[in-house]
>>> print(open('start12.cif').read())   # mmCIF, C-alpha atoms and all ligand atoms
data_structure
#
loop_
_atom_site.label_atom_id
_atom_site.label_comp_id
_atom_site.auth_asym_id
_atom_site.auth_seq_id
_atom_site.Cartn_x
_atom_site.Cartn_y
_atom_site.Cartn_z
CA MET A 258 10.01 -6.54 4.85
CA SER A 259 6.96 -5.20 6.74
CA ALA A 260 4.14 -4.06 4.46
CA LEU A 261 3.30 -0.40 4.64
CA LEU A 262 0.58 -0.46 1.99
CA GLU A 263 -1.37 -3.61 1.04
CA VAL A 264 -3.92 -3.44 -1.76
CA GLU A 265 -6.03 -6.54 -2.39
CA GLY A 266 -8.64 -7.12 -5.07
CA LEU A 267 -9.18 -3.41 -5.65
CA GLU A 268 -11.96 -2.61 -8.09
CA ALA A 269 -13.11 0.83 -9.18
CA ARG A 270 -15.64 2.23 -11.60
CA TYR A 271 -16.62 5.50 -13.17
CA GLY A 272 -20.41 5.22 -13.27
CA ALA A 273 -21.27 2.14 -15.28
CA SER A 274 -17.77 1.74 -16.63
CA GLN A 275 -15.38 -0.47 -14.66
CA ALA A 276 -11.76 0.73 -14.66
CA LEU A 277 -10.05 -1.58 -12.14
CA PHE A 278 -10.65 -5.33 -11.98
CA GLY A 279 -8.93 -6.53 -8.83
CA ILE A 280 -5.58 -4.79 -8.35
CA ASN A 281 -3.16 -6.47 -5.91
CA LEU A 282 -0.05 -4.65 -4.85
CA ASN A 283 2.02 -3.90 -1.80
CA ILE A 284 4.75 -1.54 -0.75
CA GLY A 285 7.17 -2.31 2.05
CA ALA A 286 8.65 0.22 4.44
CA GLY A 287 11.48 2.06 2.71
CA GLU A 288 10.73 0.71 -0.78
CA MET A 289 10.51 2.61 -4.02
CA VAL A 290 7.92 0.94 -6.22
CA THR A 291 6.50 1.94 -9.62
CA LEU A 292 3.20 1.56 -11.41
CA LEU A 293 3.79 1.28 -15.12
CA GLY A 294 1.51 0.85 -18.09
CA ARG A 295 0.31 2.63 -21.19
CA ASN A 296 -2.13 5.56 -21.05
CA GLY A 297 -5.60 4.70 -19.87
CA MET A 298 -4.65 1.38 -18.27
CA GLY A 299 -5.68 2.41 -14.76
CA LYS A 300 -2.61 3.81 -12.99
CA THR A 301 -4.18 7.10 -11.92
CA THR A 302 -7.41 5.33 -11.02
CA THR A 303 -5.46 2.97 -8.75
CA VAL A 304 -3.85 5.90 -6.99
CA LYS A 305 -7.14 7.79 -6.72
CA SER A 306 -8.74 4.75 -5.11
CA ILE A 307 -5.85 4.30 -2.66
CA VAL A 308 -5.99 7.93 -1.51
CA GLY A 309 -9.79 8.06 -1.26
CA LEU A 310 -10.50 10.38 -4.20
CA LEU A 311 -12.52 7.61 -5.84
CA PRO A 312 -14.42 5.11 -3.69
CA ALA A 313 -13.33 1.50 -4.13
CA ALA A 314 -16.11 -0.66 -5.61
CA ALA A 315 -14.55 -3.78 -4.06
CA GLY A 316 -11.36 -4.91 -2.36
CA THR A 317 -9.34 -3.74 0.60
CA VAL A 318 -6.60 -1.21 1.17
CA ARG A 319 -4.54 -1.44 4.34
CA PHE A 320 -2.04 1.16 5.42
CA ARG A 321 0.26 0.43 8.34
CA GLY A 322 -1.99 -2.50 9.18
CA GLU A 323 -5.28 -0.53 9.29
CA ARG A 324 -8.09 -0.63 6.71
CA ILE A 325 -8.28 2.74 4.95
CA ASP A 326 -10.65 1.90 2.10
CA GLY A 327 -13.91 3.71 2.78
CA LEU A 328 -12.18 6.61 4.55
CA ASN A 329 -12.31 10.01 2.88
CA ALA A 330 -9.25 11.58 1.24
CA ASP A 331 -8.62 13.90 4.16
CA ARG A 332 -8.50 11.04 6.68
CA ILE A 333 -6.23 9.01 4.40
CA GLY A 334 -3.93 12.01 4.01
CA ARG A 335 -3.80 12.35 7.77
CA ALA A 336 -2.95 8.65 8.08
CA GLY A 337 0.27 9.54 6.25
CA ILE A 338 -0.16 9.06 2.50
CA GLY A 339 0.97 12.12 0.56
CA LEU A 340 -0.01 12.47 -3.09
CA VAL A 341 1.75 14.67 -5.63
CA PRO A 342 -1.08 14.65 -8.15
CA GLU A 343 -0.94 14.64 -11.92
CA GLY A 344 -0.72 18.25 -13.07
CA ARG A 345 0.87 19.39 -9.75
CA GLN A 346 -2.12 21.49 -8.67
CA ILE A 347 -0.23 24.02 -6.62
CA PHE A 348 -2.05 27.24 -5.64
CA PRO A 349 -1.20 29.69 -8.47
CA ASN A 350 -2.13 32.81 -6.51
CA LEU A 351 -0.21 31.98 -3.32
CA THR A 352 3.52 32.49 -2.91
CA VAL A 353 5.92 29.55 -2.74
CA ARG A 354 6.20 30.05 1.01
CA GLU A 355 2.40 30.23 1.43
CA ASN A 356 1.94 27.09 -0.67
CA LEU A 357 4.33 25.23 1.63
CA VAL A 358 2.97 26.54 4.91
CA ALA A 359 -0.64 25.89 3.89
CA TRP A 360 0.01 22.15 4.02
CA ALA A 361 2.32 21.81 7.01
CA SER A 362 1.71 19.14 9.64
CA ASN A 363 3.69 16.33 11.22
CA ARG A 364 1.51 13.39 10.29
CA SER A 365 4.06 10.67 10.91
CA MET A 366 5.18 12.29 14.21
CA ALA A 367 8.67 12.27 12.72
CA ALA A 368 11.46 13.02 15.16
CA GLU A 369 13.03 15.32 12.59
CA PRO A 370 10.03 16.59 10.64
CA TRP A 371 10.11 18.43 7.36
CA THR A 372 9.93 22.14 8.07
CA LEU A 373 10.14 25.23 5.87
CA PRO A 374 13.92 25.63 6.40
CA ARG A 375 14.45 21.94 5.64
CA VAL A 376 12.41 22.09 2.42
CA PHE A 377 14.33 25.21 1.39
CA GLU A 378 17.58 23.42 2.07
CA PHE A 379 16.45 20.42 0.03
CA PHE A 380 15.17 22.62 -2.84
CA PRO A 381 17.41 25.73 -2.93
CA ARG A 382 15.46 26.98 -6.00
CA LEU A 383 12.37 27.27 -3.84
CA ALA A 384 14.27 29.23 -1.21
CA GLU A 385 15.35 31.70 -3.92
CA ARG A 386 11.79 32.01 -5.14
CA GLN A 387 9.91 31.90 -1.87
CA GLN A 388 8.09 35.20 -2.48
CA HIS A 389 7.14 34.32 -6.07
CA MET A 390 3.60 33.33 -6.89
CA GLY A 391 2.92 29.73 -7.85
CA ASN A 392 2.08 30.78 -11.41
CA GLN A 393 5.43 32.59 -11.83
CA LEU A 394 7.42 29.38 -11.49
CA SER A 395 8.86 27.20 -14.22
CA GLY A 396 7.47 23.68 -14.65
CA GLY A 397 10.40 22.19 -12.74
CA GLU A 398 10.03 24.66 -9.88
CA GLN A 399 6.31 23.96 -9.72
CA GLN A 400 7.08 20.26 -9.47
CA MET A 401 9.57 20.87 -6.66
CA LEU A 402 6.93 22.95 -4.91
CA ALA A 403 4.34 20.19 -5.34
CA ILE A 404 6.79 17.71 -3.78
CA GLY A 405 7.92 20.13 -1.06
CA ARG A 406 4.33 20.84 -0.12
CA VAL A 407 3.64 17.14 0.42
CA LEU A 408 6.90 16.69 2.36
CA MET A 409 5.63 19.42 4.72
CA THR A 410 2.91 16.95 5.76
CA ASN A 411 5.61 14.44 6.78
CA PRO A 412 4.01 11.45 5.08
CA HIS A 413 4.95 7.80 5.59
CA LEU A 414 4.35 7.14 1.89
CA LEU A 415 4.86 9.57 -0.99
CA ILE A 416 2.94 8.92 -4.22
CA LEU A 417 3.84 10.78 -7.42
CA ASP A 418 1.57 10.66 -10.44
CA GLU A 419 3.54 11.63 -13.57
CA ALA A 420 5.76 14.05 -11.70
CA THR A 421 8.13 14.54 -14.62
CA GLU A 422 5.42 15.18 -17.22
CA GLY A 423 6.44 18.01 -19.54
CA LEU A 424 9.80 18.63 -17.89
CA ALA A 425 13.08 19.07 -19.75
CA PRO A 426 15.54 16.15 -19.39
CA LEU A 427 17.86 18.02 -17.02
CA VAL A 428 15.02 19.04 -14.72
CA ARG A 429 13.64 15.51 -14.88
CA SER A 430 17.03 14.19 -13.72
CA GLU A 431 16.90 16.60 -10.83
CA ILE A 432 13.51 15.21 -9.77
CA TRP A 433 14.82 11.64 -9.99
CA ARG A 434 17.78 12.64 -7.84
CA CYS A 435 15.44 14.11 -5.23
CA LEU A 436 13.39 10.92 -5.13
CA THR A 437 16.51 8.79 -4.76
CA THR A 438 17.70 10.94 -1.87
CA LEU A 439 14.32 10.83 -0.13
CA ASN A 440 14.10 7.07 -0.56
CA ALA A 441 17.67 6.56 0.67
CA ALA A 442 16.65 8.46 3.81
CA GLY A 443 13.91 5.86 4.37
CA LEU A 444 10.79 7.35 2.76
CA ALA A 445 8.61 4.82 0.90
CA ILE A 446 7.69 6.05 -2.58
CA LEU A 447 5.21 4.95 -5.25
CA VAL A 448 6.02 6.41 -8.66
CA ILE A 449 3.84 6.49 -11.73
CA ASP A 450 5.92 7.47 -14.71
CA LYS A 451 6.96 6.27 -18.12
CA TYR A 452 10.75 6.47 -18.00
CA VAL A 453 11.34 2.79 -17.45
CA ARG A 454 15.05 2.98 -18.22
CA THR A 455 15.55 5.37 -15.31
CA LEU A 456 13.03 3.66 -13.07
CA VAL A 457 14.75 0.27 -13.22
CA ARG A 458 17.83 2.08 -11.97
CA ILE A 459 16.29 4.01 -9.06
CA ALA A 460 13.30 1.89 -7.91
CA HIS A 461 13.23 -1.53 -6.27
CA ARG A 462 10.10 -3.19 -7.70
CA HIS A 463 7.54 -2.61 -10.42
CA TYR A 464 3.92 -3.37 -11.26
CA ILE A 465 2.69 -3.20 -14.83
CA ILE A 466 -1.00 -2.46 -15.20
CA GLU A 467 -2.89 -3.55 -18.28
CA ARG A 468 -6.59 -2.82 -18.65
CA GLY A 469 -7.24 -2.45 -14.94
CA ARG A 470 -5.25 -5.50 -13.82
CA VAL A 471 -1.70 -6.11 -12.65
CA ASP A 472 -0.32 -8.16 -15.52
CA TRP A 473 3.30 -8.33 -14.42
CA GLN A 474 5.27 -7.59 -11.28
CA GLY A 475 8.91 -8.00 -10.43
CA SER A 476 12.20 -6.52 -9.38
CA SER A 477 14.28 -3.94 -11.20
CA ALA A 478 16.75 -6.68 -12.13
CA GLU A 479 13.94 -8.71 -13.75
CA LEU A 480 12.38 -5.78 -15.59
CA GLY A 481 15.76 -4.38 -16.61
CA ALA A 482 16.74 -7.71 -18.16
CA ASP A 483 13.56 -8.20 -20.18
CA GLN A 484 13.14 -5.49 -22.77
CA ALA A 485 10.45 -7.55 -24.50
CA LEU A 486 8.26 -6.58 -21.52
CA TRP A 487 8.95 -2.91 -22.13
CA HIS A 488 7.91 -3.31 -25.70
CA ARG A 489 4.82 -5.42 -24.99
CA TYR A 490 3.40 -3.35 -22.14
CA LEU A 491 4.92 0.08 -22.44
CA GLY A 492 5.44 0.47 -26.15
CA VAL A 493 9.11 1.38 -25.69
P1 LIG B 1 -2.92 8.08 -18.05
O1 LIG B 1 -1.45 7.90 -18.12
O2 LIG B 1 -3.52 8.47 -19.36
O3 LIG B 1 -3.37 8.95 -16.91
P2 LIG B 1 -3.82 5.79 -16.55
O4 LIG B 1 -3.18 4.46 -16.66
O5 LIG B 1 -3.52 6.61 -15.35
O6 LIG B 1 -3.49 6.61 -17.84
P3 LIG B 1 -6.57 6.08 -15.81
O7 LIG B 1 -6.58 7.58 -15.88
O8 LIG B 1 -6.55 5.45 -14.50
O9 LIG B 1 -5.36 5.53 -16.68
O10 LIG B 1 -7.82 5.54 -16.66
C1 LIG B 1 -8.28 4.20 -16.62
C2 LIG B 1 -9.59 4.09 -17.39
O11 LIG B 1 -10.59 4.84 -16.72
C3 LIG B 1 -9.51 4.65 -18.80
O12 LIG B 1 -10.29 3.82 -19.63
C4 LIG B 1 -10.14 6.02 -18.68
O13 LIG B 1 -10.76 6.39 -19.88
C5 LIG B 1 -11.16 5.80 -17.59
N1 LIG B 1 -11.37 7.04 -16.82
C6 LIG B 1 -10.42 7.75 -16.18
N2 LIG B 1 -10.96 8.82 -15.55
C7 LIG B 1 -12.28 8.81 -15.84
C8 LIG B 1 -13.39 9.64 -15.48
N3 LIG B 1 -13.22 10.71 -14.71
N4 LIG B 1 -14.61 9.29 -15.96
C9 LIG B 1 -14.77 8.19 -16.74
N5 LIG B 1 -13.77 7.36 -17.10
C10 LIG B 1 -12.55 7.65 -16.66
#
>>> encode(input="start12.cif", output="structure tokens")
Amino acid sequence: MSALLEVEGLEARYGASQALFGINLNIGAGEMVTLLGRNGMGKTTTVKSIVGLLPAAAGTVRFRGERIDGLNADRIGRAGIGLVPEGRQIFPNLTVRENLVAWASNRSMAAEPWTLPRVFEFFPRLAERQQHMGNQLSGGEQQMLAIGRVLMTNPHLLILDEATEGLAPLVRSEIWRCLTTLNAAGLAILVIDKYVRTLVRIAHRHYIIERGRVDWQGSSAELGADQALWHRYLGV
């Protein structure tokens, strides 16, 4: 499988405090991969370093064969990495439609790009609420908007940081279904979340991060079969 994202020896620090100690990971075209680990282990920091929100202190990040470490977040976004950040961060005082349009671009030069009608078809709830302000939406609708907004940039790789945080189980299932559909259509996805039981079902491979290092990696079959790993690393 050709590598879309290749991270090698990634280190990151917040001032004097080192948070990542040489992360290695890769994502192939069309894969769904997860980053797992308890709170504070370095998952968000890894993502922030990949997308250029935090400069890498050491290591390399290649995307579609080109070095992207050292580029700013805007350039990395334009290269085709779309982040749905922790906390969603949609514009509360813009309408659903305005939130979506504000981000539109065809970064991957897709033959059939994501457009407003296509996002509305994919998320009918957003179509119904297109004139509502961001802050009038439920948590689940906000999450759909955060995903829809990134799809409007037509990324090659979608990264979601705790997308199901605070959502009711039914809404969470809806988000998982969306990700499965997007991945089945060929979009590569990196998911940070804690629902390992679901993730071994919908994702292909997994990385477990422990104190700023990848301590375990493997397939869904391997992780699914070894619940001692869940207990040791994830406290489940
Ligand atoms: P969570 O699920 O809680 O977000 P995480 O695995 O994503 O956990 P990170 O947020 O990447 O963990 O944090 C990794 C380490 O970096 C932690 O020790 C955390 O305290 C530290 N850290 C994170 N953000 C900052 C910051 N802005 N300034 C200083 N230290 C930080």
>>> closest_atom_pairs(input="start12.cif", of="chain A", to="ligand LIG 1 (chain B)", cutoff="7 Å", atoms="only C-alpha atoms and all ligand atoms", output="CSV")
residue,atom,partner,partner_atom,distance
A:Tyr271,CA,B:LIG1,C9,4.8
A:Ser274,CA,B:LIG1,N5,6.9
A:Ala276,CA,B:LIG1,O11,4.7
A:Gly294,CA,B:LIG1,O4,6.1
A:Arg295,CA,B:LIG1,O4,6.0
A:Asn296,CA,B:LIG1,O6,3.6
A:Gly297,CA,B:LIG1,O9,3.3
A:Met298,CA,B:LIG1,O4,3.8
A:Gly299,CA,B:LIG1,O8,3.2
A:Lys300,CA,B:LIG1,O4,3.8
A:Thr301,CA,B:LIG1,O5,3.5
A:Thr302,CA,B:LIG1,O8,3.6
A:Thr303,CA,B:LIG1,O8,6.4
A:Gly469,CA,B:LIG1,C1,6.9
>>> residues_around(input="start12.cif", residues="Phe380 of chain A", least_positions_apart="5", cutoff="9 Å", atoms="all atoms listed in the file", output="list of chain:residue names")
A:Arg375, A:Glu398, A:Met401, A:Leu402, A:Gly405, A:Cys435
>>> closest_residue(input="start12.cif", among="A:Gln484, A:Thr352, A:Gln474, A:Thr421", to="Arg454 of chain A", atoms="all atoms listed in the file")
A:Gln484
>>> residues_around(input="start12.cif", residues="segment 340-344 of chain A", least_positions_apart="5", cutoff="8 Å", atoms="all atoms listed in the file", output="list in words")
Val308, Ala403, Ile404, Val407, Leu415, Ile416, Leu417, Asp418, Glu419 and Ala420 of chain A
>>> atom_distance(input="start12.cif", atom1="atom CA of Val471 of chain A", atom2="atom CA of Thr291 of chain A")
11.9 Å
>>> axis_aligned_box(input="start12.cif", around="segment 405-413 of chain A", padding_each_side="4 Å", output="lines of an AutoDock Vina configuration file")
center_x = 5.4
center_y = 14.3
center_z = 2.9
size_x = 13.0
size_y = 21.0
size_z = 15.8
>>> residues_around(input="start12.cif", residues="Ile347 of chain A", least_positions_apart="4", cutoff="9 Å", atoms="only C-alpha atoms", output="PDB file with C-alpha atoms, in the frame of the given file")
ATOM      1  CA  LEU A 351      -0.210  31.980  -3.320  1.00  0.00           C
ATOM      2  CA  ASN A 356       1.940  27.090  -0.670  1.00  0.00           C
ATOM      3  CA  GLY A 391       2.920  29.730  -7.850  1.00  0.00           C
ATOM      4  CA  ASN A 392       2.080  30.780 -11.410  1.00  0.00           C
ATOM      5  CA  GLN A 399       6.310  23.960  -9.720  1.00  0.00           C
ATOM      6  CA  GLN A 400       7.080  20.260  -9.470  1.00  0.00           C
ATOM      7  CA  LEU A 402       6.930  22.950  -4.910  1.00  0.00           C
ATOM      8  CA  ALA A 403       4.340  20.190  -5.340  1.00  0.00           C
ATOM      9  CA  ARG A 406       4.330  20.840  -0.120  1.00  0.00           C
TER      10      ARG A 406
END
